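Contents: one structure, followed by commentary.
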Amino acid sequence: MNHSSKLRAEAKHDAGHRQLRVIALALLLAGLPARGGVPVPPPPSAQEELHAAKLLEAALYARQAGQDDWQKMERVYLDLEAKYPRNANIMNGHAEFLWSIDERQRAVEAWLAAEKIDPANAAVLDHLGGSFLAAGEVKKCAGYFARAIASAPDNAAYHFSYANVAFLFRHDLHDATHPDSESVLAEALKQFSEAVRLQPLNADYARAFAEAFYTVAKPDWHAALQAWQHFQAISPQKDFALLNLARVQMKLGDKAEARACLEKVQGSEYARIKARLSERIDEE
């Protein structure tokens with residue numbers, strides 16, 4: 001680790017400890033009796049206690065804690081679960097911790113228990129989708145991602161996760177709503193588009209959406225053009241975007257605009273593909 005990275009890590013570590021000290025003081029004051037009519041702060045909520053646990057967990061990661069520390073950390077989550085037995089967010093926090101220390105089966109069990117308590121908890125549903133994807137159960141995975149979207153439709157990451165699964169496993173996700181691979185692919189495109197709409201400055205989302213058009217049997221090249229123009233506007237990968245814009249313009253039959261895009265490509269690493277595209281434009 002270089003000097004500046006070490007300083008940033010130490011600053012983050014110190015900031016975490018300062019936050020922990022503030023929270024600890026608040027917890028201490030909450031237990032003191034009132035004197036002289038001075039109002040006593042209310043006891044911390046379940047969410048505040050969970051936040052404190054997450055800060056402690058982050059501090060342990062920052063200093064590369066040992067096994068004893070992780071066991072104590074789990075005790076914190078177990079105590080929280082005992083105190084708030086019907087709180088799905090507490091269970092989710094514990095499950096996230098278990099997954100991070102490779103206790104994956106226990107993590108899934110905790111998420112499933114949290115789902116029973118709060119079937120519409122989007123974070124829990126998203127984690128279950130990810131865990132079933134890791135286990136290779138793509139239909140269960142897609143089902144949980146779809147439910148996460150229904151619970152939190154404004155979360156771009158949930159749309160992007162579902163889009164990727166639908167795109168990659170389109171041959172395995174046929175159902176009554178999506179009877180063939182093309183209809184699953186259309187759903188993937190829809191979810192990529194929604195992720196981009198919700199986070200228009202996310203270049204990864206924009207690129208995935210634009211590239212997906214190449215896989216569709218009958219793509220809307222005008223929509224693809226807009227997708228690549230958006231990617232070009234927000235991404236530093238200008239040459240890559242220009243090559244794809246040239247390709248799409250060629251598909252639209254606008255050879256002059258396709259050539260104009262190629263002429264703007266400057267990077268020597270793209271010389272071969274630039275030459276091949278130029279030949280294709282001349283042939284078509």
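Chain identifiers are assigned as A, B, and so on, following the order in which chains appear in the structure tokens; residues are numbered from 1 within each chain, and ligands are numbered from 1 in order of appearance.
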
Secondary structure check, alpha helix (DSSP H) residues of stretch 80-284 of chain A, as number ranges by chain
A: 80-83, 88-100, 104-117, 122-134, 138-151, 156-168, 181-198, 203-212, 221-234, 238-251, 255-263, 271-283

May I have the residues within 9 Å of stretch 217-222 of chain A as a list in words, using only C-alpha atoms and disregarding those fewer than 5 positions away in the same chain?
Glu182, Ala227, Val248, Gln249, Lys251 and Leu252 of chain A

Next, dump the selected residues to file, keeping only all heavy atoms, as a compact mmCIF listing (two decimals), in the first residue's frame.
# COMPACT_ATOMS: atom_id res chain seq x y z
N GLU A 182 -36.35 -15.10 -27.01
CA GLU A 182 -36.46 -13.72 -27.48
C GLU A 182 -37.29 -12.85 -26.54
O GLU A 182 -36.98 -11.68 -26.32
CB GLU A 182 -37.05 -13.68 -28.90
CG GLU A 182 -36.04 -13.97 -29.99
CD GLU A 182 -34.87 -12.99 -30.00
OE1 GLU A 182 -35.10 -11.78 -29.99
OE2 GLU A 182 -33.72 -13.46 -30.03
N ALA A 227 -28.75 4.60 -27.60
CA ALA A 227 -28.05 4.00 -26.46
C ALA A 227 -26.54 4.24 -26.57
O ALA A 227 -25.88 4.58 -25.58
CB ALA A 227 -28.35 2.51 -26.39
N VAL A 248 -23.49 0.79 -35.89
CA VAL A 248 -24.94 0.97 -35.89
C VAL A 248 -25.37 1.84 -37.08
O VAL A 248 -26.39 1.56 -37.72
CB VAL A 248 -25.40 1.59 -34.55
CG1 VAL A 248 -26.89 1.94 -34.61
CG2 VAL A 248 -25.13 0.62 -33.40
N GLN A 249 -24.61 2.88 -37.37
CA GLN A 249 -24.94 3.71 -38.53
C GLN A 249 -24.90 2.88 -39.80
O GLN A 249 -25.72 3.08 -40.72
CB GLN A 249 -23.96 4.89 -38.63
CG GLN A 249 -24.07 5.92 -37.52
CD GLN A 249 -25.29 6.81 -37.63
OE1 GLN A 249 -26.19 6.55 -38.43
NE2 GLN A 249 -25.33 7.87 -36.82
N LYS A 251 -25.64 -0.29 -39.96
CA LYS A 251 -26.87 -1.08 -39.94
C LYS A 251 -28.07 -0.25 -40.40
O LYS A 251 -29.00 -0.78 -41.02
CB LYS A 251 -27.12 -1.62 -38.53
CG LYS A 251 -26.10 -2.62 -38.03
CD LYS A 251 -26.20 -3.95 -38.77
CE LYS A 251 -25.27 -5.00 -38.18
NZ LYS A 251 -25.35 -6.28 -38.93
N LEU A 252 -28.03 1.04 -40.11
CA LEU A 252 -29.11 1.93 -40.50
C LEU A 252 -28.98 2.39 -41.95
O LEU A 252 -29.86 3.10 -42.46
CB LEU A 252 -29.15 3.16 -39.57
CG LEU A 252 -29.63 2.89 -38.15
CD1 LEU A 252 -29.37 4.10 -37.26
CD2 LEU A 252 -31.13 2.56 -38.14

Contacts of stretch 72-86 of chain A within 7 Å, only C-alpha atoms, excl. fewer than 5 positions in-chain, as a list of chain:residue names:
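Skipping anything fewer than 5 positions along the chain leaves A:Glu57, A:Met91, A:His94, A:Ile117.
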
Rounded to one decimal in Å, what is the spacing between atom CA of A:Asp204 and atom CA of A:Phe240?
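These two atoms are separated by 13.3 Å.
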
So, with only C-alpha atoms as the atoms that count, which of A:Ala107, A:Ala142, A:Ala188, A:Leu56 lies closest to A:Asp69?
A:Leu56

At a cut-off of 12 Å, can you tabulate as a Markdown table every residue of stretch 26-144 of chain A near stretch 159-171 of chain A together with its closest atom pair and the distance in Å to one decimal, using only C-alpha atoms and ordering rows by chain then number?
| residue | atom | partner | partner_atom | distance |
| --- | --- | --- | --- | --- |
| A:Ala122 | CA | A:His159 | CA | 11.8 |
| A:Leu125 | CA | A:Tyr162 | CA | 11.8 |
| A:Asp126 | CA | A:Ser161 | CA | 8.6 |
| A:His127 | CA | A:Ser161 | CA | 10.8 |
| A:Gly129 | CA | A:Tyr162 | CA | 8.9 |
| A:Gly130 | CA | A:Ser161 | CA | 8.6 |
| A:Phe132 | CA | A:Val165 | CA | 11.3 |
| A:Leu133 | CA | A:Val165 | CA | 8.4 |
| A:Ala134 | CA | A:Val165 | CA | 11.5 |
| A:Gly136 | CA | A:Phe169 | CA | 10.7 |
| A:Glu137 | CA | A:Phe169 | CA | 10.7 |
| A:Val138 | CA | A:Phe169 | CA | 7.4 |
| A:Lys139 | CA | A:Phe169 | CA | 9.0 |
| A:Lys140 | CA | A:Val165 | CA | 10.9 |
| A:Cys141 | CA | A:Val165 | CA | 8.1 |
| A:Ala142 | CA | A:Tyr162 | CA | 6.3 |
| A:Gly143 | CA | A:Tyr162 | CA | 8.9 |
| A:Tyr144 | CA | A:Tyr162 | CA | 8.9 |

The selected residues should be written to file as a CSV table (one decimal), in the first residue's frame (atoms: N, CA and C atoms).
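Dumped to out_2.csv:
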chain,number,residue,atom,x,y,z
A,122,ALA,N,-36.9,-5.5,0.1
A,122,ALA,CA,-36.2,-5.6,-1.2
A,122,ALA,C,-34.7,-6.0,-1.0
A,125,LEU,N,-34.7,-9.7,-0.5
A,125,LEU,CA,-35.0,-10.4,-1.8
A,125,LEU,C,-33.8,-10.4,-2.8
A,126,ASP,N,-33.1,-9.2,-2.8
A,126,ASP,CA,-32.0,-9.1,-3.7
A,126,ASP,C,-30.9,-10.0,-3.3
A,127,HIS,N,-30.6,-10.1,-2.0
A,127,HIS,CA,-29.5,-11.0,-1.5
A,127,HIS,C,-29.9,-12.4,-1.8
A,129,GLY,N,-31.7,-13.5,-4.3
A,129,GLY,CA,-31.4,-13.6,-5.7
A,129,GLY,C,-30.0,-13.9,-6.0
A,130,GLY,N,-29.1,-13.1,-5.4
A,130,GLY,CA,-27.7,-13.3,-5.5
A,130,GLY,C,-27.2,-14.6,-5.0
A,132,PHE,N,-28.9,-17.4,-4.7
A,132,PHE,CA,-29.3,-18.5,-5.6
A,132,PHE,C,-28.6,-18.5,-6.9
A,133,LEU,N,-28.2,-17.3,-7.4
A,133,LEU,CA,-27.4,-17.3,-8.6
A,133,LEU,C,-26.0,-18.0,-8.3
A,134,ALA,N,-25.4,-17.7,-7.1
A,134,ALA,CA,-24.2,-18.3,-6.8
A,134,ALA,C,-24.3,-19.8,-6.7
A,136,GLY,N,-26.3,-21.5,-8.6
A,136,GLY,CA,-26.6,-22.0,-10.0
A,136,GLY,C,-28.1,-22.3,-10.2
A,137,GLU,N,-28.9,-21.8,-9.3
A,137,GLU,CA,-30.4,-21.9,-9.4
A,137,GLU,C,-31.0,-20.7,-10.0
A,138,VAL,N,-30.9,-20.6,-11.3
A,138,VAL,CA,-31.2,-19.3,-12.0
A,138,VAL,C,-32.6,-19.0,-12.0
A,139,LYS,N,-33.5,-19.9,-12.0
A,139,LYS,CA,-35.0,-19.6,-12.0
A,139,LYS,C,-35.4,-19.0,-10.7
A,140,LYS,N,-34.9,-19.6,-9.6
A,140,LYS,CA,-35.1,-19.0,-8.2
A,140,LYS,C,-34.5,-17.6,-8.2
A,141,CYS,N,-33.3,-17.5,-8.7
A,141,CYS,CA,-32.6,-16.2,-8.7
A,141,CYS,C,-33.4,-15.1,-9.4
A,142,ALA,N,-33.9,-15.4,-10.6
A,142,ALA,CA,-34.6,-14.5,-11.4
A,142,ALA,C,-35.9,-14.1,-10.7
A,143,GLY,N,-36.5,-15.1,-10.0
A,143,GLY,CA,-37.8,-14.8,-9.3
A,143,GLY,C,-37.5,-13.8,-8.2
A,144,TYR,N,-36.5,-14.0,-7.4
A,144,TYR,CA,-36.2,-13.1,-6.3
A,144,TYR,C,-35.8,-11.7,-6.8
